[in-house]
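Asks: My structure file start-v5.txt, compact mmCIF, C-alpha atoms, is below:
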# COMPACT_ATOMS: atom_id res chain seq x y z
CA MET A 1 20.24 -8.98 15.89
CA LYS A 2 17.67 -11.53 14.75
CA THR A 3 18.74 -14.49 12.67
CA CYS A 4 16.97 -15.62 9.51
CA LEU A 5 17.65 -19.03 8.03
CA ILE A 6 17.38 -18.89 4.23
CA VAL A 7 16.37 -22.25 2.79
CA ASP A 8 16.54 -22.58 -0.99
CA ASP A 9 18.30 -24.95 -3.35
CA SER A 10 19.18 -22.06 -5.66
CA LYS A 11 22.40 -20.33 -4.75
CA VAL A 12 21.31 -17.23 -6.66
CA ILE A 13 18.01 -16.94 -4.75
CA ARG A 14 19.85 -17.41 -1.45
CA MET A 15 22.23 -14.62 -2.41
CA VAL A 16 19.42 -12.22 -3.36
CA ALA A 17 17.51 -13.03 -0.17
CA ARG A 18 20.68 -12.66 1.91
CA LYS A 19 21.33 -9.17 0.54
CA ILE A 20 17.75 -8.07 1.23
CA LEU A 21 17.70 -9.55 4.74
CA GLN A 22 21.05 -8.09 5.67
CA GLU A 23 19.77 -4.67 4.62
CA LEU A 24 16.86 -5.29 6.98
CA GLU A 25 19.46 -5.97 9.67
CA PHE A 26 19.13 -9.71 9.98
CA ALA A 27 21.99 -12.08 10.55
CA THR A 28 21.60 -14.84 7.96
CA GLU A 29 22.26 -18.57 7.82
CA GLU A 30 21.76 -20.67 4.71
CA ALA A 31 20.60 -24.18 3.89
CA ALA A 32 20.20 -25.81 0.46
CA ASP A 33 17.44 -28.26 1.40
CA GLY A 34 15.00 -29.16 4.20
CA GLN A 35 17.33 -31.63 5.87
CA GLU A 36 20.17 -29.12 6.09
CA ALA A 37 17.68 -26.59 7.42
CA LEU A 38 16.40 -28.98 10.07
CA ASN A 39 19.97 -29.70 11.19
CA ALA A 40 20.65 -25.98 11.43
CA CYS A 41 17.50 -25.49 13.53
CA LEU A 42 18.40 -28.36 15.85
CA ALA A 43 21.80 -26.74 16.41
CA LYS A 44 20.28 -23.30 17.02
CA MET A 45 16.71 -22.12 16.48
CA PRO A 46 16.62 -18.99 14.28
CA GLU A 47 14.01 -16.27 14.83
CA ALA A 48 12.89 -16.53 11.19
CA VAL A 49 12.97 -19.00 8.31
CA LEU A 50 12.55 -17.99 4.67
CA LEU A 51 11.52 -21.27 3.07
CA ASP A 52 11.42 -22.56 -0.50
CA TRP A 53 9.02 -25.40 -1.29
CA ASN A 54 10.56 -27.55 -4.01
CA MET A 55 14.00 -28.80 -2.98
CA PRO A 56 15.91 -32.11 -3.20
CA VAL A 57 16.39 -34.43 -0.19
CA MET A 58 13.64 -32.87 1.94
CA ASP A 59 11.18 -30.29 0.59
CA GLY A 60 9.90 -27.21 2.38
CA ILE A 61 6.58 -28.55 3.59
CA GLU A 62 8.20 -31.71 5.04
CA PHE A 63 10.76 -29.53 6.78
CA LEU A 64 8.04 -27.29 8.23
CA ARG A 65 6.04 -30.24 9.61
CA ALA A 66 9.19 -31.74 11.14
CA LEU A 67 10.23 -28.37 12.58
CA ARG A 68 6.87 -27.76 14.24
CA GLN A 69 7.14 -31.14 16.00
CA THR A 70 10.62 -30.41 17.31
CA PRO A 71 10.95 -29.03 20.86
CA GLY A 72 11.20 -25.24 20.48
CA GLY A 73 10.28 -25.61 16.80
CA ASP A 74 7.06 -23.67 17.30
CA LYS A 75 9.06 -20.48 17.89
CA PRO A 76 10.61 -19.57 14.52
CA VAL A 77 8.45 -17.43 12.26
CA VAL A 78 8.30 -19.31 8.97
CA VAL A 79 7.71 -17.42 5.73
CA PHE A 80 7.29 -19.58 2.65
CA CYS A 81 8.90 -18.21 -0.49
CA THR A 82 8.02 -20.29 -3.51
CA THR A 83 6.83 -20.28 -7.11
CA GLU A 84 3.82 -22.35 -6.01
CA ASN A 85 1.04 -19.77 -6.19
CA ASP A 86 -2.21 -21.72 -6.20
CA LEU A 87 -4.69 -21.64 -3.35
CA ASP A 88 -4.19 -25.33 -2.48
CA HIS A 89 -0.48 -24.89 -1.85
CA ILE A 90 -0.98 -21.72 0.17
CA GLN A 91 -3.68 -23.37 2.28
CA GLU A 92 -1.53 -26.46 2.83
CA ALA A 93 1.40 -24.32 3.97
CA MET A 94 -0.71 -22.33 6.41
CA THR A 95 -2.23 -25.52 7.83
CA ALA A 96 1.26 -26.96 8.31
CA GLY A 97 2.16 -23.96 10.46
CA ALA A 98 3.58 -21.33 8.11
CA ASN A 99 3.20 -17.73 9.31
CA GLU A 100 3.32 -15.98 5.95
CA TYR A 101 3.61 -16.84 2.29
CA ILE A 102 5.54 -15.14 -0.50
CA MET A 103 4.93 -16.06 -4.12
CA LYS A 104 8.06 -15.75 -6.25
CA PRO A 105 9.27 -13.57 -7.81
CA PHE A 106 9.84 -11.29 -4.84
CA ASP A 107 11.65 -8.03 -4.21
CA SER A 108 12.83 -6.24 -1.11
CA ASP A 109 9.50 -4.37 -0.70
CA ILE A 110 7.61 -7.65 -0.53
CA ILE A 111 10.00 -9.23 1.96
CA GLN A 112 9.95 -6.10 4.09
CA ALA A 113 6.14 -5.85 4.05
CA LYS A 114 5.70 -9.53 4.91
CA PHE A 115 8.29 -9.47 7.68
CA GLN A 116 6.59 -6.39 9.14
CA GLN A 117 3.23 -8.11 9.15
CA VAL A 118 4.51 -11.06 11.14
CA GLY A 119 6.23 -8.72 13.59
CA LEU A 120 9.82 -9.58 12.68
CA ILE A 121 10.56 -5.93 11.90
CA MET B 1 15.16 19.93 -21.84
CA SER B 2 15.39 23.72 -22.01
CA PRO B 3 14.75 25.71 -18.83
CA GLU B 4 11.78 27.39 -20.58
CA ASP B 5 10.21 24.02 -21.36
CA PHE B 6 10.76 22.84 -17.82
CA GLU B 7 9.19 25.98 -16.40
CA PHE B 8 6.22 25.72 -18.74
CA ILE B 9 5.46 22.10 -17.92
CA SER B 10 6.09 22.38 -14.17
CA LYS B 11 3.81 25.45 -13.92
CA LEU B 12 1.09 23.69 -15.84
CA ILE B 13 1.30 20.55 -13.70
CA LYS B 14 1.28 22.58 -10.48
CA SER B 15 -1.80 24.53 -11.54
CA ARG B 16 -3.62 21.31 -12.42
CA SER B 17 -2.63 18.97 -9.60
CA GLY B 18 -0.74 20.96 -6.98
CA LEU B 19 2.26 18.75 -7.66
CA VAL B 20 5.49 20.73 -7.25
CA LEU B 21 8.13 19.60 -9.70
CA THR B 22 11.59 20.75 -8.66
CA PRO B 23 14.43 20.64 -11.24
CA ASP B 24 15.96 17.60 -9.51
CA LYS B 25 12.78 15.71 -10.44
CA ALA B 26 13.21 16.48 -14.14
CA TYR B 27 14.06 12.83 -14.76
CA LEU B 28 10.46 12.01 -13.81
CA LEU B 29 9.25 14.00 -16.80
CA GLU B 30 11.30 11.81 -19.07
CA SER B 31 10.17 8.47 -17.64
CA ARG B 32 6.53 9.40 -17.20
CA LEU B 33 5.90 11.44 -20.33
CA MET B 34 7.84 9.50 -22.95
CA PRO B 35 5.08 6.88 -23.17
CA VAL B 36 2.52 9.69 -23.69
CA ALA B 37 4.67 11.20 -26.44
CA ARG B 38 5.18 7.85 -28.16
CA GLN B 39 1.49 7.05 -28.06
CA ARG B 40 0.88 10.24 -30.01
CA GLY B 41 3.56 9.44 -32.54
CA LEU B 42 5.85 12.21 -31.27
CA LYS B 43 9.59 11.83 -31.17
CA GLY B 44 10.28 13.17 -27.71
CA LEU B 45 9.40 15.49 -24.88
CA GLU B 46 10.30 18.61 -26.86
CA ASP B 47 7.69 17.81 -29.48
CA LEU B 48 5.18 16.93 -26.81
CA ILE B 49 5.69 20.20 -24.97
CA ALA B 50 5.62 22.13 -28.26
CA GLN B 51 2.26 20.58 -29.00
CA MET B 52 0.95 21.47 -25.55
CA ARG B 53 2.09 25.07 -25.99
CA THR B 54 0.55 25.57 -29.39
CA ARG B 55 -2.68 23.60 -29.15
CA ARG B 56 -3.61 23.82 -25.45
CA GLU B 57 -5.55 20.64 -26.02
CA GLU B 58 -7.42 19.75 -22.84
CA ALA B 59 -7.24 15.98 -23.34
CA LEU B 60 -3.47 16.13 -23.67
CA ILE B 61 -3.09 18.33 -20.60
CA VAL B 62 -5.21 15.93 -18.54
CA GLU B 63 -3.21 12.97 -19.82
CA VAL B 64 0.11 14.59 -18.96
CA THR B 65 -1.10 15.56 -15.47
CA GLU B 66 -2.28 12.02 -14.83
CA ALA B 67 1.00 10.55 -16.02
CA MET B 68 2.93 12.79 -13.66
CA THR B 69 0.92 12.03 -10.54
CA THR B 70 2.53 9.19 -8.67
CA ASN B 71 0.47 6.13 -8.04
CA GLU B 72 2.68 3.98 -5.93
CA SER B 73 0.51 2.10 -3.52
CA PHE B 74 0.55 -0.71 -1.02
CA PHE B 75 -2.16 -2.56 0.84
CA PHE B 76 -2.01 -1.65 4.55
CA ARG B 77 0.80 0.76 3.73
CA ASP B 78 3.00 1.24 6.83
CA ILE B 79 0.66 -1.16 8.78
CA LYS B 80 0.58 1.03 11.92
CA PRO B 81 -2.08 3.50 10.70
CA PHE B 82 -4.48 0.61 10.09
CA ASP B 83 -3.80 -0.83 13.55
CA LEU B 84 -4.49 2.64 14.97
CA LEU B 85 -7.68 2.87 12.91
CA ARG B 86 -8.93 -0.44 14.31
CA ASP B 87 -7.72 -0.12 17.92
CA GLU B 88 -7.79 3.62 18.71
CA VAL B 89 -9.72 5.66 16.18
CA LEU B 90 -12.76 3.52 15.42
CA PRO B 91 -13.79 2.40 18.94
CA PRO B 92 -14.68 5.89 20.27
CA LEU B 93 -16.38 6.83 17.00
CA ILE B 94 -18.41 3.61 17.05
CA ALA B 95 -19.45 4.31 20.65
CA GLU B 96 -20.35 7.91 19.82
CA ARG B 97 -22.45 6.99 16.79
CA GLN B 98 -24.45 4.10 18.29
CA ALA B 99 -27.72 5.95 17.64
CA LYS B 100 -26.97 6.97 14.06
CA LYS B 101 -25.09 3.81 13.12
CA HIS B 102 -23.47 5.62 10.22
CA LEU B 103 -19.79 6.21 9.50
CA ARG B 104 -18.26 7.97 6.53
CA ILE B 105 -14.62 7.57 5.54
CA TRP B 106 -12.82 9.39 2.76
CA CYS B 107 -9.60 8.32 1.04
CA ALA B 108 -8.35 11.52 -0.55
CA ALA B 109 -5.82 9.86 -2.84
CA ALA B 110 -7.33 6.48 -3.55
CA SER B 111 -4.84 5.64 -6.30
CA SER B 112 -5.36 2.07 -7.52
CA GLY B 113 -7.59 1.23 -4.56
CA GLN B 114 -5.19 -0.41 -2.11
CA GLU B 115 -5.90 2.05 0.70
CA PRO B 116 -9.71 2.16 0.48
CA TYR B 117 -9.86 -1.63 0.21
CA SER B 118 -7.53 -1.99 3.19
CA ILE B 119 -9.90 0.24 5.19
CA ALA B 120 -12.89 -1.78 3.97
CA ILE B 121 -11.19 -4.98 5.17
CA VAL B 122 -10.51 -3.43 8.59
CA LEU B 123 -14.23 -2.60 8.88
CA LYS B 124 -15.24 -6.04 7.61
CA GLU B 125 -13.07 -7.69 10.24
CA LEU B 126 -14.93 -5.60 12.85
CA SER B 127 -18.32 -6.56 11.46
CA ALA B 128 -19.44 -8.09 14.78
CA LYS B 129 -19.39 -4.55 16.24
CA LEU B 130 -20.83 -2.93 13.13
CA SER B 131 -23.84 -5.06 12.34
CA GLY B 132 -26.69 -2.91 11.05
CA TRP B 133 -24.37 0.02 10.36
CA LYS B 134 -24.25 2.05 7.18
CA LEU B 135 -20.59 2.40 6.21
CA ASP B 136 -19.53 4.69 3.39
CA ILE B 137 -16.00 4.58 2.07
CA VAL B 138 -15.32 7.07 -0.71
CA GLY B 139 -12.07 7.03 -2.67
CA THR B 140 -11.10 9.98 -4.85
CA ASP B 141 -8.21 10.63 -7.20
CA ILE B 142 -7.26 12.93 -10.07
CA SER B 143 -6.45 10.14 -12.48
CA HIS B 144 -9.30 8.58 -14.43
CA ASP B 145 -7.12 5.66 -15.43
CA ILE B 146 -6.13 4.82 -11.89
CA LEU B 147 -9.75 5.06 -10.69
CA LYS B 148 -10.74 2.59 -13.39
CA LYS B 149 -8.16 0.20 -12.03
CA ALA B 150 -9.33 0.82 -8.47
CA SER B 151 -12.96 0.07 -9.36
CA ALA B 152 -11.96 -3.12 -11.15
CA GLY B 153 -10.25 -4.36 -7.97
CA MET B 154 -7.93 -6.67 -9.92
CA TYR B 155 -4.34 -6.96 -8.82
CA SER B 156 -1.25 -8.77 -10.01
CA GLN B 157 0.52 -11.25 -7.77
CA PHE B 158 3.18 -8.61 -7.27
CA GLU B 159 0.68 -6.00 -6.11
CA VAL B 160 -1.24 -8.19 -3.67
CA GLN B 161 1.99 -9.16 -2.00
CA ARG B 162 2.86 -5.57 -1.27
CA GLY B 163 1.17 -5.46 2.08
CA MET B 164 -1.76 -7.87 1.98
CA PRO B 165 -1.33 -10.50 4.72
CA ILE B 166 -1.72 -14.00 3.31
CA GLN B 167 -4.68 -14.88 5.57
CA LEU B 168 -6.59 -11.81 4.38
CA LEU B 169 -5.61 -12.56 0.79
CA LEU B 170 -7.16 -16.02 1.11
CA LYS B 171 -10.24 -14.57 2.79
CA TYR B 172 -11.03 -11.55 0.64
CA PHE B 173 -9.66 -12.26 -2.84
CA ASP B 174 -10.54 -14.67 -5.64
CA LYS B 175 -7.73 -15.94 -7.80
CA LYS B 176 -8.46 -15.87 -11.52
CA ASP B 177 -5.55 -17.24 -13.51
CA GLU B 178 -2.66 -15.02 -12.44
CA THR B 179 -4.86 -12.18 -11.21
CA TRP B 180 -6.25 -11.64 -7.73
CA GLU B 181 -9.66 -10.00 -7.63
CA ILE B 182 -11.03 -8.41 -4.49
CA LYS B 183 -14.31 -10.10 -3.49
CA PRO B 184 -17.60 -8.31 -4.24
CA GLU B 185 -18.39 -8.04 -0.49
CA ILE B 186 -15.34 -5.73 -0.11
CA LYS B 187 -15.50 -4.07 -3.52
CA SER B 188 -19.08 -2.98 -2.92
CA MET B 189 -18.09 -1.15 0.26
CA VAL B 190 -16.05 1.43 -1.67
CA GLN B 191 -17.32 4.09 -4.01
CA TYR B 192 -14.88 5.90 -6.33
CA LYS B 193 -15.15 9.47 -7.55
CA TYR B 194 -12.98 11.67 -9.72
CA TRP B 195 -12.01 14.66 -7.59
CA ASN B 196 -9.21 17.18 -7.46
CA LEU B 197 -8.11 18.15 -3.95
CA LEU B 198 -7.54 21.69 -5.19
CA ASP B 199 -11.20 22.04 -6.23
CA ASP B 200 -14.15 22.83 -4.00
CA LEU B 201 -14.57 19.92 -1.59
CA LYS B 202 -17.98 20.83 -0.17
CA MET B 203 -19.91 18.73 -2.66
CA LEU B 204 -18.11 15.62 -1.39
CA GLY B 205 -20.12 15.63 1.83
CA ALA B 206 -19.07 15.16 5.45
CA TYR B 207 -16.55 12.60 6.73
CA ASP B 208 -15.82 11.18 10.17
CA ILE B 209 -12.42 9.88 9.10
CA VAL B 210 -10.20 11.22 6.33
CA PHE B 211 -7.14 9.45 4.95
CA CYS B 212 -4.96 11.97 3.13
CA ARG B 213 -1.67 10.11 3.18
CA ASN B 214 1.36 10.84 1.05
CA VAL B 215 -0.37 13.47 -1.05
CA LEU B 216 0.61 16.66 0.74
CA ILE B 217 4.30 15.88 0.33
CA TYR B 218 3.93 16.85 -3.32
CA PHE B 219 2.41 20.26 -2.52
CA ASP B 220 4.01 23.54 -1.51
CA ALA B 221 3.29 24.96 1.95
CA GLU B 222 0.49 27.26 0.84
CA THR B 223 -1.36 24.51 -1.02
CA LYS B 224 -0.92 22.11 1.91
CA GLY B 225 -2.51 24.65 4.24
CA LYS B 226 -5.40 25.33 1.89
CA VAL B 227 -6.18 21.65 1.34
CA LEU B 228 -6.06 20.87 5.08
CA GLU B 229 -8.37 23.80 5.85
CA ASN B 230 -10.85 22.57 3.27
CA ILE B 231 -10.71 19.06 4.69
CA ALA B 232 -11.33 20.44 8.18
CA LYS B 233 -14.58 21.96 6.95
CA LEU B 234 -15.90 18.51 5.98
CA MET B 235 -15.36 16.98 9.39
CA PRO B 236 -17.49 16.84 12.55
CA LYS B 237 -15.87 17.97 15.81
CA ASP B 238 -14.67 14.44 16.66
CA GLY B 239 -13.46 13.73 13.11
CA MET B 240 -10.04 12.16 12.65
CA LEU B 241 -7.43 12.78 9.97
CA PHE B 242 -4.65 10.42 8.89
CA LEU B 243 -1.56 11.84 7.20
CA GLY B 244 1.49 10.03 5.80
CA GLY B 245 4.59 9.31 7.85
CA ALA B 246 6.56 12.19 6.34
CA GLU B 247 3.72 14.70 6.68
CA THR B 248 2.64 17.01 9.47
CA VAL B 249 0.22 19.85 10.21
CA LEU B 250 2.78 21.72 12.29
CA GLY B 251 3.61 25.02 10.68
CA VAL B 252 1.10 24.30 7.91
CA THR B 253 -2.32 24.85 9.50
CA ASP B 254 -3.79 25.49 12.93
CA LYS B 255 -7.00 23.63 12.12
CA PHE B 256 -5.57 20.24 13.14
CA LYS B 257 -3.40 19.00 15.99
CA PRO B 258 -1.57 15.68 16.39
CA VAL B 259 -3.11 13.05 18.67
CA SER B 260 -0.50 12.15 21.25
CA GLY B 261 0.70 8.56 21.09
CA GLN B 262 -0.99 8.01 17.71
CA ARG B 263 1.54 8.78 15.02
CA GLY B 264 0.05 10.21 11.86
CA VAL B 265 -3.38 10.81 13.43
CA TYR B 266 -4.79 14.33 13.86
CA THR B 267 -7.94 15.89 15.33
CA LEU B 268 -9.56 19.26 14.83
CA THR B 269 -8.35 22.01 17.12
Will you turn the file into structure tokens for me?
Replies:
Amino acid sequence: MKTCLIVDDSKVIRMVARKILQELEFATEEAADGQEALNACLAKMPEAVLLDWNMPVMDGIEFLRALRQTPGGDKPVVVFCTTENDLDHIQEAMTAGANEYIMKPFDSDIIQAKFQQVGLI
Amino acid sequence: MSPEDFEFISKLIKSRSGLVLTPDKAYLLESRLMPVARQRGLKGLEDLIAQMRTRREEALIVEVTEAMTTNESFFFRDIKPFDLLRDEVLPPLIAERQAKKHLRIWCAAASSGQEPYSIAIVLKELSAKLSGWKLDIVGTDISHDILKKASAGMYSQFEVQRGMPIQLLLKYFDKKDETWEIKPEIKSMVQYKYWNLLDDLKMLGAYDIVFCRNVLIYFDAETKGKVLENIAKLMPKDGMLFLGGAETVLGVTDKFKPVSGQRGVYTLT
């Protein structure tokens, strides 16, 4: 079973994402900000990260840049999942090493389609 | 709804679109036709059906048929068929047609355009191999409204995320406020036509590749067979047919056979 780390400062969003990902047969871990997420990755690299952008302590893009510089940090497939929906943000995320990008709001069809495209399902 | 009303409306819809409405789908009538009834100032489905019975008004019948035909659509729906198109189906056809440099593709249920535009993007991504080629992509549907939407090529954030990879979204769409519009270079590759699969198909011309995905599931066995036989007549010997994941030719027609190792792809027998 593949593991997906859900990174979002909203408990409600994490719960919705967890339900969807568990239906898609992922084991899930959760983190409420980028720093927590980075710690989780250093302990054990997940196969996938579903990543919010705006979070306290360390935001999503900072986390992604730090992750990609960590040994083994090039492996996880990172899918941004954020309300930021302008071209500049999307471009910046892709340049920083994101694999896919979801603009909130999302539903299970969107998560499933995106995860299929990046080969996680 | 009375059984008589249900029988009347399901017969009418089948004769117009081929769509088979079983009693367990009666709830669809409610959700799809209530907006039509309201728009006409009618109280409910009973009044709507009464009006259809008494007046036989063509505009209303067309409107009801359109409302009942499903239009759920994704970009690159199921992904695999589009990979097969690019990696398995197109290469031999491109090799075979080097002299003519002309390929014709038909989307038999174009809906709001996601499938024809996905095909257009696949071809665009192969443009190094297709320079100087004439590529025709024709999308047909039996809903005027949905074809209008397809031609406009404008999609909500929700719609573009159903299947369009982010890199291709950045490459082939322009963002206007909250709407994503497919770029003219892709839009101009697709031509839309109003066509009913149950009508004569000859006038549509010949096609090397036909996408007829997730349409046949709504038809009964006899209609499926008839439509597939008519499609077969439009195709050259090496033509290829794509059907939806839940569809098959087995037991329906002997004009097509599955291509081994390529799920959902069929050739002429």
Asks: In terms of the shortest atom-to-atom distance over all atoms listed in the file, which of B:Ser131, B:Ser111, B:Ser151, B:Thr65 is closest to Leu29 of chain B?
Replies: B:Thr65
Asks: Mind pulling up the distance from atom CA of Asp174 of chain B to atom CA of Asp88 of chain A?
Replies: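 Straight-line distance from atom CA of Asp88 of chain A to atom CA of Asp174 of chain B works out to 12.8 Å.
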Asks: Of the residues B:Thr179, B:Thr223, B:Gln191, B:Gln39, which is the one nearest to Cys107 of chain B, using all atoms listed in the file?
Replies: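 Of B:Thr179, B:Thr223, B:Gln191, B:Gln39, the one nearest Cys107 of chain B is B:Gln191, counting all atoms listed in the file.
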Asks: I'd like to know which of B:Ile61, B:Met235, B:Leu243, B:Leu169 is closest to Ile90 of chain A, using all atoms listed in the file.
Replies: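 Comparing B:Ile61, B:Met235, B:Leu243, B:Leu169 against Ile90 of chain A, the winner is B:Leu169.
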Asks: Quick one: contact table of chain A to chain B, 8 Å max, nearest atom pair and distance in Å to one decimal per residue, counting only C-alpha atoms, chain and number order, as JSON lines?
Replies:
{"residue": "A:Leu87", "atom": "CA", "partner": "B:Leu170", "partner_atom": "CA", "distance": 7.6}
{"residue": "A:Glu100", "atom": "CA", "partner": "B:Ile166", "partner_atom": "CA", "distance": 6.0}
{"residue": "A:Tyr101", "atom": "CA", "partner": "B:Ile166", "partner_atom": "CA", "distance": 6.1}
{"residue": "A:Ile102", "atom": "CA", "partner": "B:Gln161", "partner_atom": "CA", "distance": 7.1}
{"residue": "A:Met103", "atom": "CA", "partner": "B:Gln157", "partner_atom": "CA", "distance": 7.5}
{"residue": "A:Pro105", "atom": "CA", "partner": "B:Phe158", "partner_atom": "CA", "distance": 7.9}
{"residue": "A:Phe106", "atom": "CA", "partner": "B:Phe158", "partner_atom": "CA", "distance": 7.6}
{"residue": "A:Asp109", "atom": "CA", "partner": "B:Arg162", "partner_atom": "CA", "distance": 6.8}
{"residue": "A:Ile110", "atom": "CA", "partner": "B:Arg162", "partner_atom": "CA", "distance": 5.2}
{"residue": "A:Ala113", "atom": "CA", "partner": "B:Gly163", "partner_atom": "CA", "distance": 5.4}
{"residue": "A:Lys114", "atom": "CA", "partner": "B:Gly163", "partner_atom": "CA", "distance": 6.7}
{"residue": "A:Gln116", "atom": "CA", "partner": "B:Ile79", "partner_atom": "CA", "distance": 7.9}
{"residue": "A:Gln117", "atom": "CA", "partner": "B:Pro165", "partner_atom": "CA", "distance": 6.8}
Asks: Quick one: residues within 8 Å of Leu38 of chain A, all atoms listed in the file counted, chain neighbours fewer than 2 positions away excluded, as a PyMOL selection string?
Replies: chain A and resi 34-36+40-42+63+66-67
Asks: Could you write out the selected residues, including C-alpha atoms, as a PDB file, keeping the file's coordinate frame?
Replies:
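Output file part-v2.pdb is given in full below:
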ATOM      1  CA  GLY A  34      15.000 -29.160   4.200  1.00  0.00           C
ATOM      2  CA  GLN A  35      17.330 -31.630   5.870  1.00  0.00           C
ATOM      3  CA  GLU A  36      20.170 -29.120   6.090  1.00  0.00           C
ATOM      4  CA  ALA A  40      20.650 -25.980  11.430  1.00  0.00           C
ATOM      5  CA  CYS A  41      17.500 -25.490  13.530  1.00  0.00           C
ATOM      6  CA  LEU A  42      18.400 -28.360  15.850  1.00  0.00           C
ATOM      7  CA  PHE A  63      10.760 -29.530   6.780  1.00  0.00           C
ATOM      8  CA  ALA A  66       9.190 -31.740  11.140  1.00  0.00           C
ATOM      9  CA  LEU A  67      10.230 -28.370  12.580  1.00  0.00           C
TER      10      LEU A  67
END
Asks: If you count all atoms listed in the file, which residues fall within 12 Å of Glu62 of chain A, apart from same-chain ones fewer than 4 positions away, as a VMD selection string?
Replies: chain A and resid 33 to 35 37 to 38 51 to 58 66 to 69 92 to 93 96 to 98
Asks: Identify which of the residues B:Tyr172, B:Trp133, B:Phe6, B:Tyr155 lies closest to Ile121 of chain B, counting all atoms listed in the file when measuring atom-to-atom distances.
Replies: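 Comparing B:Tyr172, B:Trp133, B:Phe6, B:Tyr155 against Ile121 of chain B, the winner is B:Tyr172.
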Asks: For atom CA of Glu46 of chain B and atom CA of Val20 of chain B, quote the distance in Å rounded to one decimal.
Replies: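 Those two atoms sit 20.3 Å apart.
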Asks: For segment 12-17 of chain A, work out the shell of residues within 12 Å, counting only C-alpha atoms and skipping chain neighbours fewer than 6 positions away, then give it as number ranges by chain.
Replies: A: 4-6, 23-24, 26-33, 49-52, 81-83, 104-112
Asks: Restricting the output to C-alpha atoms, write the selected residues as a PDB file, in the frame of the given file.
Replies:
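Output (selection.pdb):
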ATOM      1  CA  CYS A   4      16.970 -15.620   9.510  1.00  0.00           C
ATOM      2  CA  LEU A   5      17.650 -19.030   8.030  1.00  0.00           C
ATOM      3  CA  ILE A   6      17.380 -18.890   4.230  1.00  0.00           C
ATOM      4  CA  GLU A  23      19.770  -4.670   4.620  1.00  0.00           C
ATOM      5  CA  LEU A  24      16.860  -5.290   6.980  1.00  0.00           C
ATOM      6  CA  PHE A  26      19.130  -9.710   9.980  1.00  0.00           C
ATOM      7  CA  ALA A  27      21.990 -12.080  10.550  1.00  0.00           C
ATOM      8  CA  THR A  28      21.600 -14.840   7.960  1.00  0.00           C
ATOM      9  CA  GLU A  29      22.260 -18.570   7.820  1.00  0.00           C
ATOM     10  CA  GLU A  30      21.760 -20.670   4.710  1.00  0.00           C
ATOM     11  CA  ALA A  31      20.600 -24.180   3.890  1.00  0.00           C
ATOM     12  CA  ALA A  32      20.200 -25.810   0.460  1.00  0.00           C
ATOM     13  CA  ASP A  33      17.440 -28.260   1.400  1.00  0.00           C
ATOM     14  CA  VAL A  49      12.970 -19.000   8.310  1.00  0.00           C
ATOM     15  CA  LEU A  50      12.550 -17.990   4.670  1.00  0.00           C
ATOM     16  CA  LEU A  51      11.520 -21.270   3.070  1.00  0.00           C
ATOM     17  CA  ASP A  52      11.420 -22.560  -0.500  1.00  0.00           C
ATOM     18  CA  CYS A  81       8.900 -18.210  -0.490  1.00  0.00           C
ATOM     19  CA  THR A  82       8.020 -20.290  -3.510  1.00  0.00           C
ATOM     20  CA  THR A  83       6.830 -20.280  -7.110  1.00  0.00           C
ATOM     21  CA  LYS A 104       8.060 -15.750  -6.250  1.00  0.00           C
ATOM     22  CA  PRO A 105       9.270 -13.570  -7.810  1.00  0.00           C
ATOM     23  CA  PHE A 106       9.840 -11.290  -4.840  1.00  0.00           C
ATOM     24  CA  ASP A 107      11.650  -8.030  -4.210  1.00  0.00           C
ATOM     25  CA  SER A 108      12.830  -6.240  -1.110  1.00  0.00           C
ATOM     26  CA  ASP A 109       9.500  -4.370  -0.700  1.00  0.00           C
ATOM     27  CA  ILE A 110       7.610  -7.650  -0.530  1.00  0.00           C
ATOM     28  CA  ILE A 111      10.000  -9.230   1.960  1.00  0.00           C
ATOM     29  CA  GLN A 112       9.950  -6.100   4.090  1.00  0.00           C
TER      30      GLN A 112
END
Asks: Measure the distance from atom CA of Leu42 of chain B to atom CA of Ser143 of chain B in Å and round it to one decimal.
Replies: 22.6 Å
Asks: Quick one: of A:Asp86, A:Asp74, A:Asp9, A:Asp59, who's nearest to Met45 of chain A, counting all atoms listed in the file?
Replies: A:Asp74
